[in-house]
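Asks: Here you go, data38.pdb (PDB, C-alpha atoms):
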```pdb
MODEL        1
ATOM      1  CA  MET G  92       2.617   0.499  -1.589  1.00  0.00           C
ATOM      2  CA  VAL G  93      -0.342   2.520  -0.394  1.00  0.00           C
ATOM      3  CA  VAL G  94      -0.152   6.108   0.806  1.00  0.00           C
ATOM      4  CA  THR G  95      -2.957   7.759   2.753  1.00  0.00           C
ATOM      5  CA  ASN G  96      -3.550  11.453   3.454  1.00  0.00           C
ATOM      6  CA  LEU G  97      -0.941  12.596   0.929  1.00  0.00           C
ATOM      7  CA  PRO G  98      -2.116  13.910  -2.484  1.00  0.00           C
ATOM      8  CA  LEU G  99       0.280  12.117  -4.849  1.00  0.00           C
ATOM      9  CA  SER G 100       0.103  12.033  -8.643  1.00  0.00           C
ATOM     10  CA  GLN G 101       2.167  10.534 -11.435  1.00  0.00           C
ATOM     11  CA  ALA G 102       4.761  12.594 -13.323  1.00  0.00           C
ATOM     12  CA  ASN G 103       2.260  13.196 -16.140  1.00  0.00           C
ATOM     13  CA  GLY G 104      -0.321  14.550 -13.638  1.00  0.00           C
ATOM     14  CA  ALA G 105      -2.563  11.465 -13.706  1.00  0.00           C
ATOM     15  CA  SER G 106      -3.923  10.216 -10.393  1.00  0.00           C
ATOM     16  CA  PHE G 107      -2.820   6.945  -8.880  1.00  0.00           C
ATOM     17  CA  ASN G 108      -5.436   4.217  -8.567  1.00  0.00           C
ATOM     18  CA  THR G 109      -6.991   3.429  -5.185  1.00  0.00           C
ATOM     19  CA  TYR G 110      -6.131  -0.009  -3.773  1.00  0.00           C
ATOM     20  CA  PRO G 111      -6.997  -1.884  -0.600  1.00  0.00           C
ATOM     21  CA  VAL G 112      -4.095  -3.626   1.108  1.00  0.00           C
ATOM     22  CA  ASP G 113      -3.760  -5.932   4.117  1.00  0.00           C
ATOM     23  CA  VAL G 114      -0.399  -5.482   5.827  1.00  0.00           C
ATOM     24  CA  PRO G 115       0.886  -8.032   8.381  1.00  0.00           C
ATOM     25  CA  LYS G 116       1.583  -6.423  11.753  1.00  0.00           C
ATOM     26  CA  SER G 117       4.768  -8.504  11.996  1.00  0.00           C
ATOM     27  CA  LEU G 118       6.359 -11.623  10.529  1.00  0.00           C
ATOM     28  CA  ALA G 119       5.592 -13.515  13.735  1.00  0.00           C
ATOM     29  CA  ASN G 120       1.961 -12.336  13.964  1.00  0.00           C
ATOM     30  CA  SER G 121      -0.690 -13.421  11.460  1.00  0.00           C
ATOM     31  CA  ASN G 122      -2.948 -10.436  12.284  1.00  0.00           C
ATOM     32  CA  VAL G 123      -3.169  -7.819   9.524  1.00  0.00           C
ATOM     33  CA  ARG G 124      -3.889  -4.124   9.341  1.00  0.00           C
ATOM     34  CA  SER G 125      -6.178  -3.146   6.448  1.00  0.00           C
ATOM     35  CA  THR G 126      -5.946   0.195   4.691  1.00  0.00           C
ATOM     36  CA  ILE G 127      -7.150   1.784   1.452  1.00  0.00           C
ATOM     37  CA  GLY G 128      -5.299   4.499  -0.406  1.00  0.00           C
ATOM     38  CA  LEU G 129      -3.617   5.711  -3.561  1.00  0.00           C
ATOM     39  CA  GLY G 130      -0.820   3.463  -4.652  1.00  0.00           C
ATOM     40  CA  LEU G 131       1.086   1.270  -7.056  1.00  0.00           C
ATOM     41  CA  GLU G 132       0.261  -2.377  -7.618  1.00  0.00           C
ATOM     42  CA  GLY G 133       3.135  -4.799  -7.173  1.00  0.00           C
ATOM     43  CA  TYR G 134       4.648  -7.448  -4.939  1.00  0.00           C
ATOM     44  CA  ILE G 135       7.076  -7.474  -2.043  1.00  0.00           C
ATOM     45  CA  THR G 136       8.738 -10.339  -0.222  1.00  0.00           C
ATOM     46  CA  LEU G 137       9.030 -10.189   3.563  1.00  0.00           C
ATOM     47  CA  THR G 138      12.070 -11.908   5.041  1.00  0.00           C
ATOM     48  CA  ARG G 139      13.547 -12.206   8.503  1.00  0.00           C
TER      49      ARG G 139
ENDMDL
END
```
Write the structure described by the file as structure tokens, please.

Replies:
Amino acid sequence: MVVTNLPLSQANGASFNTYPVDVPKSLANSNVRSTIGLGLEGYITLTR
């Protein structure tokens, strides 16, 4: 998850790391939207 233009921090006051992420525009479209922002590293599974 990446959040832009919102100053988030962890409960202990530490800043989140900055990550780049490429997000598919849809499950049927292979084009992606790239963004960079503060976030958490992890994995998600897209399903129909």

Asks: So that I can check the surroundings of Gln101 (chain G), please list as an mmCIF file with C-alpha atoms, keeping the file's coordinate frame every protein, DNA and RNA residue that reaches within 12 Å of it, counting only C-alpha atoms and ignoring chain neighbours fewer than 5 positions away.

Replies:
```cif
data_model
loop_
_atom_site.group_PDB
_atom_site.id
_atom_site.type_symbol
_atom_site.label_atom_id
_atom_site.label_comp_id
_atom_site.auth_asym_id
_atom_site.auth_seq_id
_atom_site.Cartn_x
_atom_site.Cartn_y
_atom_site.Cartn_z
ATOM 1 C CA SER G 106 -3.923 10.216 -10.393
ATOM 2 C CA PHE G 107 -2.820 6.945 -8.880
ATOM 3 C CA ASN G 108 -5.436 4.217 -8.567
ATOM 4 C CA LEU G 129 -3.617 5.711 -3.561
ATOM 5 C CA GLY G 130 -0.820 3.463 -4.652
ATOM 6 C CA LEU G 131 1.086 1.270 -7.056
#
```

Asks: Do you know which residues the PyMOL selection byres ((chain G and resi 133) around 12) returns on this file, as an NGL selection string?

Replies: :G and (92-93 or 110 or 112 or 130-132 or 134-136)

Asks: For the atom pair CA of Asn122 (chain G) and CA of Asn96 (chain G), what is the interatomic distance in Å to one decimal place?

Replies: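 Spanning CA of Asn122 (chain G) to CA of Asn96 (chain G) is a straight-line distance of 23.6 Å.
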
Asks: State, in Å with one decimal place, the distance from CA of Lys116 (chain G) to CA of Leu137 (chain G).

Replies: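 Between CA of Lys116 (chain G) and CA of Leu137 (chain G) the gap is 11.7 Å.
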
Asks: What residues have an atom no more than 12 Å from (-1.3, -8.4, 6.4) in the file's own frame, counting only C-alpha atoms, and can you write them as a list in words?

Replies: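 Those residues lying close to the given coordinates are Pro111, Val112, Asp113, Val114, Pro115, Lys116, Ser117, Leu118, Ala119, Asn120, Ser121, Asn122, Val123, Arg124, Ser125, Thr126, Ile135 and Leu137 of chain G.
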